[in-house]
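Visitor: This is the structure I have questions about; it appears just below.
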Amino acid sequence: SNQQGNTLIISSLALSATKNVSVGNIQTVYKATEVTLGSYVISAGAAEGVDVSAVTFEDSTTSDATATNANYSLGAAFTNLRLYKGTTQLGSTVVPNTSDAAGTDYTFNITPALSIAAGTSITVDLKGDVLASGLTWSNGNETAIVTVEGSGQTSSNSVTFSAGISGQTITLTGSGDIGLTIDPTTPSAAITYLGQTDVILGIWKINQPSSVEA
């Protein structure tokens with residue numbers, strides 16, 4: 001007689017990426033360093049864990065059809081691109097060229113591979129240094145994660161996530177300078193005498209434009 005065996009369920013190896021919604025939009029100044037340019041969540045499917053070996057980014061308006069701002073490459077505004085998981089840098093620092101065309105890809109090859117257990121997620125942050133003022137960048141544009149490549153931890157099969165997922169909007173302002181003004185409470189002109197102590201000679205206020213990140 002025929003004997004029925006156990007049910008076999010075949011699941012495909014899966015990998016996905018999304019914007020990290022717990023991080024707000026980014027506002028920073030020219031020449032700032034170690035600025036977060038985008039934060040993303042990478043997830044492995046429930047069937048099998050994934051070892052991620054490469055992650056690629058570009059400007060969002062090239063890869064994301066819903067973006068509306070003028071597009072420039074990330075190299076037009078940023079340099080020394082770095083990818084982090086927490087405080088751990090993944091792969092080598094990528095140095096773009098300021099003349100890179102919109103849509104230029106910047107890939108981080110990760111060795112050893114970044115391990116994501118089945119059904120779990122990890123967060124990665126793209127960071128970089130902002131170039132000087134006068135650069136070509138449309139405020140409100142974003143970085144985008146365009147591909148994530150890896151292999152199954154059990155099957156060793158290759159898997160690739162490919163889509164233009166936009167991150168946080170980036171606004172660049174000011175130059176990081178501070179302002180100095182006379183406070184309204186500064187004392188009026190007066191004559192002081194030898195031997196006087198704790199004489200207030202003037203009161204100044206140091207300020208920074210409210211639109212600029214400290």
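Ordering of the structure tokens sets the chain letters (A, B, ...); residue numbers start at 1 within each chain; ligands are numbered from 1 in the order shown.
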Could you name the residues that touch Phe78 (chain A) at 6 Å or less, counting only C-alpha atoms, but leaving out those on the same chain fewer than 6 positions away, as a PyMOL selection string?
Guide: chain A and resi 129-131
Visitor: Dump N, CA and C atoms for the selected residues as a short mmCIF file (atom, residue, chain, number, x, y, z; two decimals), in the first residue's frame?
Guide:
data_model
loop_
_atom_site.label_atom_id
_atom_site.label_comp_id
_atom_site.auth_asym_id
_atom_site.auth_seq_id
_atom_site.Cartn_x
_atom_site.Cartn_y
_atom_site.Cartn_z
N ASP A 129 31.41 62.53 4.53
CA ASP A 129 31.80 63.91 4.81
C ASP A 129 31.20 64.82 3.75
N VAL A 130 30.72 65.98 4.18
CA VAL A 130 30.10 66.93 3.25
C VAL A 130 31.19 67.82 2.67
N LEU A 131 31.12 68.06 1.37
CA LEU A 131 32.08 68.94 0.72
C LEU A 131 31.79 70.40 1.06
#
Visitor: Need to verify the contact set: Ser39 (chain A), 6 Å, only C-alpha atoms, exclusion of same-chain residues closer than 4 positions in sequence. Can you return it as JSON, numbers by chain?
Guide: {"A": [20, 124, 125]}
Visitor: Which residue out of A:Ser166, A:Ser138, A:Ser115, A:Ser73 has the minimum interatomic distance to Val21 (chain A) when only C-alpha atoms are used?
Guide: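 Among the listed residues, the smallest separation from Val21 (chain A) belongs to A:Ser166.
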Visitor: Taking 6 positions as the minimum chain separation for residues in the same chain, which residues sit within 12 Å of region 82-99 of chain A when counting only C-alpha atoms? Answer as a CSV table (one decimal) with N, CA, C and O atoms, in the first residue's frame.
Guide:
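Result file result_10.csv:
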chain,number,residue,atom,x,y,z
A,33,THR,N,31.6,66.4,9.0
A,33,THR,CA,32.2,65.1,8.8
A,33,THR,C,31.4,64.0,9.6
A,33,THR,O,30.7,64.3,10.5
A,34,GLU,N,31.5,62.8,9.1
A,34,GLU,CA,30.9,61.6,9.8
A,34,GLU,C,29.3,61.9,9.9
A,34,GLU,O,28.7,61.5,10.9
A,35,VAL,N,28.8,62.4,8.8
A,35,VAL,CA,27.3,62.7,8.8
A,35,VAL,C,26.6,61.5,8.3
A,35,VAL,O,27.0,60.8,7.3
A,36,THR,N,25.5,61.1,9.0
A,36,THR,CA,24.6,60.0,8.5
A,36,THR,C,23.9,60.5,7.3
A,36,THR,O,23.2,61.5,7.3
A,37,LEU,N,24.1,59.8,6.2
A,37,LEU,CA,23.4,60.2,4.9
A,37,LEU,C,22.2,59.3,4.6
A,37,LEU,O,21.5,59.6,3.6
A,38,GLY,N,22.0,58.3,5.3
A,38,GLY,CA,20.9,57.4,5.1
A,38,GLY,C,21.0,56.2,6.0
A,38,GLY,O,22.1,55.7,6.3
A,39,SER,N,19.8,55.8,6.5
A,39,SER,CA,19.8,54.6,7.4
A,39,SER,C,18.8,53.6,6.9
A,39,SER,O,17.6,54.0,6.5
A,40,TYR,N,19.2,52.4,6.8
A,40,TYR,CA,18.4,51.3,6.2
A,40,TYR,C,18.3,50.1,7.0
A,40,TYR,O,19.2,49.8,7.7
A,41,VAL,N,17.2,49.3,6.8
A,41,VAL,CA,17.0,48.0,7.5
A,41,VAL,C,17.1,46.9,6.4
A,41,VAL,O,16.3,47.0,5.4
A,42,ILE,N,18.0,46.0,6.6
A,42,ILE,CA,18.1,44.8,5.7
A,42,ILE,C,17.6,43.6,6.4
A,42,ILE,O,18.0,43.3,7.5
A,52,VAL,N,25.4,38.7,3.9
A,52,VAL,CA,25.5,39.8,2.9
A,52,VAL,C,26.9,40.1,2.6
A,52,VAL,O,27.7,40.4,3.5
A,53,SER,N,27.2,40.1,1.3
A,53,SER,CA,28.6,40.4,0.9
A,53,SER,C,28.8,41.7,0.2
A,53,SER,O,30.0,42.2,0.0
A,54,ALA,N,27.8,42.4,-0.2
A,54,ALA,CA,27.9,43.7,-0.9
A,54,ALA,C,26.6,44.5,-0.8
A,54,ALA,O,25.5,43.9,-0.9
A,55,VAL,N,26.8,45.8,-0.7
A,55,VAL,CA,25.7,46.7,-0.6
A,55,VAL,C,26.0,47.9,-1.5
A,55,VAL,O,27.1,48.5,-1.4
A,56,THR,N,25.1,48.3,-2.3
A,56,THR,CA,25.3,49.4,-3.3
A,56,THR,C,24.3,50.6,-3.1
A,56,THR,O,23.1,50.3,-2.9
A,57,PHE,N,24.8,51.8,-3.2
A,57,PHE,CA,24.0,53.0,-3.0
A,57,PHE,C,24.2,53.9,-4.2
A,57,PHE,O,25.2,53.8,-4.9
A,58,GLU,N,23.2,54.8,-4.4
A,58,GLU,CA,23.4,55.9,-5.3
A,58,GLU,C,22.4,57.0,-4.9
A,58,GLU,O,21.8,57.0,-3.9
A,72,TYR,N,21.7,64.5,-8.7
A,72,TYR,CA,23.2,64.6,-8.8
A,72,TYR,C,23.7,63.4,-8.2
A,72,TYR,O,23.1,62.7,-7.3
A,73,SER,N,24.9,63.0,-8.6
A,73,SER,CA,25.6,61.8,-7.9
A,73,SER,C,25.9,62.2,-6.5
A,73,SER,O,26.0,63.4,-6.1
A,74,LEU,N,26.1,61.1,-5.7
A,74,LEU,CA,26.5,61.4,-4.3
A,74,LEU,C,27.9,62.1,-4.2
A,74,LEU,O,28.2,62.8,-3.3
A,75,GLY,N,28.7,61.8,-5.3
A,75,GLY,CA,30.0,62.4,-5.3
A,75,GLY,C,30.0,63.9,-5.5
A,75,GLY,O,31.0,64.6,-5.2
A,76,ALA,N,28.9,64.4,-6.0
A,76,ALA,CA,28.8,65.9,-6.2
A,76,ALA,C,28.7,66.7,-4.9
A,76,ALA,O,29.0,67.9,-4.8
A,105,ASP,N,27.0,54.3,-9.2
A,105,ASP,CA,26.9,53.3,-8.0
A,105,ASP,C,28.1,53.4,-7.2
A,105,ASP,O,29.2,53.5,-7.7
A,106,TYR,N,27.9,53.2,-5.9
A,106,TYR,CA,29.0,53.2,-4.9
A,106,TYR,C,28.8,51.9,-4.1
A,106,TYR,O,27.8,51.8,-3.3
A,107,THR,N,29.7,50.9,-4.2
A,107,THR,CA,29.5,49.6,-3.7
A,107,THR,C,30.5,49.4,-2.5
A,107,THR,O,31.7,49.7,-2.6
A,108,PHE,N,29.9,48.8,-1.4
A,108,PHE,CA,30.7,48.4,-0.3
A,108,PHE,C,30.8,46.8,-0.3
A,108,PHE,O,29.8,46.2,-0.2
A,109,ASN,N,32.0,46.3,-0.5
A,109,ASN,CA,32.2,44.9,-0.5
A,109,ASN,C,32.6,44.5,0.9
A,109,ASN,O,33.6,45.0,1.5
A,110,ILE,N,31.8,43.6,1.5
A,110,ILE,CA,31.9,43.3,3.0
A,110,ILE,C,32.6,42.0,3.2
A,110,ILE,O,32.1,40.9,2.8
A,111,THR,N,33.7,42.0,3.9
A,111,THR,CA,34.5,40.8,4.2
A,111,THR,C,35.0,41.0,5.7
A,111,THR,O,35.7,41.9,6.0
A,112,PRO,N,34.7,40.0,6.5
A,112,PRO,CA,33.8,38.8,6.2
A,112,PRO,C,32.3,39.3,6.0
A,112,PRO,O,32.0,40.4,6.4
A,113,ALA,N,31.5,38.4,5.5
A,113,ALA,CA,30.2,38.8,5.1
A,113,ALA,C,29.4,39.1,6.4
A,113,ALA,O,29.7,38.7,7.5
A,114,LEU,N,28.3,40.0,6.2
A,114,LEU,CA,27.5,40.4,7.3
A,114,LEU,C,26.4,39.4,7.4
A,114,LEU,O,25.6,39.2,6.5
A,115,SER,N,26.3,38.7,8.6
A,115,SER,CA,25.4,37.6,8.8
A,115,SER,C,24.0,38.1,9.3
A,115,SER,O,24.0,38.9,10.3
A,116,ILE,N,23.0,37.7,8.7
A,116,ILE,CA,21.6,38.0,9.1
A,116,ILE,C,20.9,36.7,9.3
A,116,ILE,O,20.7,35.9,8.3
A,121,SER,N,16.4,41.1,11.1
A,121,SER,CA,16.8,42.3,10.4
A,121,SER,C,18.0,42.9,11.0
A,121,SER,O,18.3,42.7,12.3
A,122,ILE,N,18.8,43.7,10.3
A,122,ILE,CA,19.9,44.5,10.9
A,122,ILE,C,19.8,45.9,10.3
A,122,ILE,O,19.2,46.1,9.2
A,123,THR,N,20.3,46.9,11.0
A,123,THR,CA,20.3,48.2,10.5
A,123,THR,C,21.7,48.7,10.0
A,123,THR,O,22.7,48.4,10.7
A,124,VAL,N,21.8,49.3,8.9
A,124,VAL,CA,23.1,49.8,8.4
A,124,VAL,C,22.9,51.3,8.1
A,124,VAL,O,21.9,51.8,7.7
A,125,ASP,N,24.0,52.0,8.4
A,125,ASP,CA,24.0,53.5,8.2
A,125,ASP,C,25.1,53.9,7.2
A,125,ASP,O,26.2,53.5,7.3
A,126,LEU,N,24.7,54.7,6.2
A,126,LEU,CA,25.6,55.2,5.2
A,126,LEU,C,26.1,56.6,5.8
A,126,LEU,O,25.2,57.4,6.0
A,127,LYS,N,27.4,56.7,5.9
A,127,LYS,CA,27.9,58.0,6.4
A,127,LYS,C,28.9,58.6,5.5
A,127,LYS,O,29.4,57.9,4.6
A,128,GLY,N,29.2,59.9,5.6
A,128,GLY,CA,30.2,60.5,4.8
A,128,GLY,C,30.5,61.9,5.2
A,128,GLY,O,29.9,62.4,6.2
A,129,ASP,N,31.4,62.5,4.5
A,129,ASP,CA,31.8,63.9,4.8
A,129,ASP,C,31.2,64.8,3.7
A,129,ASP,O,31.2,64.5,2.6
A,130,VAL,N,30.7,66.0,4.2
A,130,VAL,CA,30.1,66.9,3.3
A,130,VAL,C,31.2,67.8,2.7
A,130,VAL,O,32.1,68.3,3.4
A,131,LEU,N,31.1,68.1,1.4
A,131,LEU,CA,32.1,68.9,0.7
A,131,LEU,C,31.8,70.4,1.1
A,131,LEU,O,30.8,70.7,1.7
A,132,ALA,N,32.6,71.3,0.6
A,132,ALA,CA,32.5,72.7,0.9
A,132,ALA,C,31.3,73.3,0.1
A,132,ALA,O,30.6,72.7,-0.7
A,135,LEU,N,28.7,73.3,-3.8
A,135,LEU,CA,28.5,72.0,-4.4
A,135,LEU,C,27.1,71.9,-5.1
A,135,LEU,O,26.2,72.7,-4.8
A,136,THR,N,27.0,70.9,-5.9
A,136,THR,CA,25.7,70.7,-6.6
A,136,THR,C,25.0,69.6,-5.9
A,136,THR,O,25.3,68.4,-5.9
A,137,TRP,N,23.9,70.0,-5.2
A,137,TRP,CA,23.0,69.1,-4.5
A,137,TRP,C,21.7,69.7,-4.4
A,137,TRP,O,21.6,70.9,-4.1
A,145,ILE,N,19.4,52.9,-1.4
A,145,ILE,CA,20.0,51.6,-1.4
A,145,ILE,C,19.5,50.9,-2.6
A,145,ILE,O,18.3,50.8,-2.8
Visitor: Mind listing the strand (DSSP E) residues of region 34-198 of chain A, per DSSP on the backbone, as a ChimeraX atom specification?
Guide: /A:35-44,50-59,78-85,88-94,106-116,121-130,141-152,158-173,179-182
Visitor: When you draw a straight line from CA of Ala117 (chain A) to CA of Gly24 (chain A), how long is it in Å?
Guide: 26.8 Å
Visitor: Hey, which of A:Asp100, A:Asp51, A:Glu142, A:Asp198 ends up closest to Gly164 (chain A)? Count only C-alpha atoms.
Guide: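 Ranking A:Asp100, A:Asp51, A:Glu142, A:Asp198 by distance to Gly164 (chain A), first place goes to A:Glu142.
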Visitor: Region 22-212 of chain A: which residues are alpha helix (DSSP H) by DSSP, as a list in words?
Guide: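 Answer for region 22-212 of chain A restricted to alpha helix (DSSP H) is Ser60, Thr61, Thr62 and Ser63 of chain A.
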Visitor: I need the chosen residues saved as a compact mmCIF listing (two decimals), in the first residue's frame, with N, CA, C and O atoms.
Guide:
# COMPACT_ATOMS: atom_id res chain seq x y z
N SER A 60 18.98 59.10 -4.95
CA SER A 60 17.64 58.53 -5.03
C SER A 60 16.88 58.90 -6.29
O SER A 60 16.06 58.14 -6.77
N THR A 61 17.12 60.10 -6.84
CA THR A 61 16.31 60.52 -7.97
C THR A 61 16.63 59.77 -9.25
O THR A 61 15.86 59.81 -10.20
N THR A 62 17.75 59.08 -9.26
CA THR A 62 18.04 58.22 -10.40
C THR A 62 17.36 56.87 -10.25
O THR A 62 16.81 56.31 -11.19
N SER A 63 17.36 56.34 -9.03
CA SER A 63 16.90 54.98 -8.83
C SER A 63 15.44 54.87 -8.39
O SER A 63 14.83 53.83 -8.51
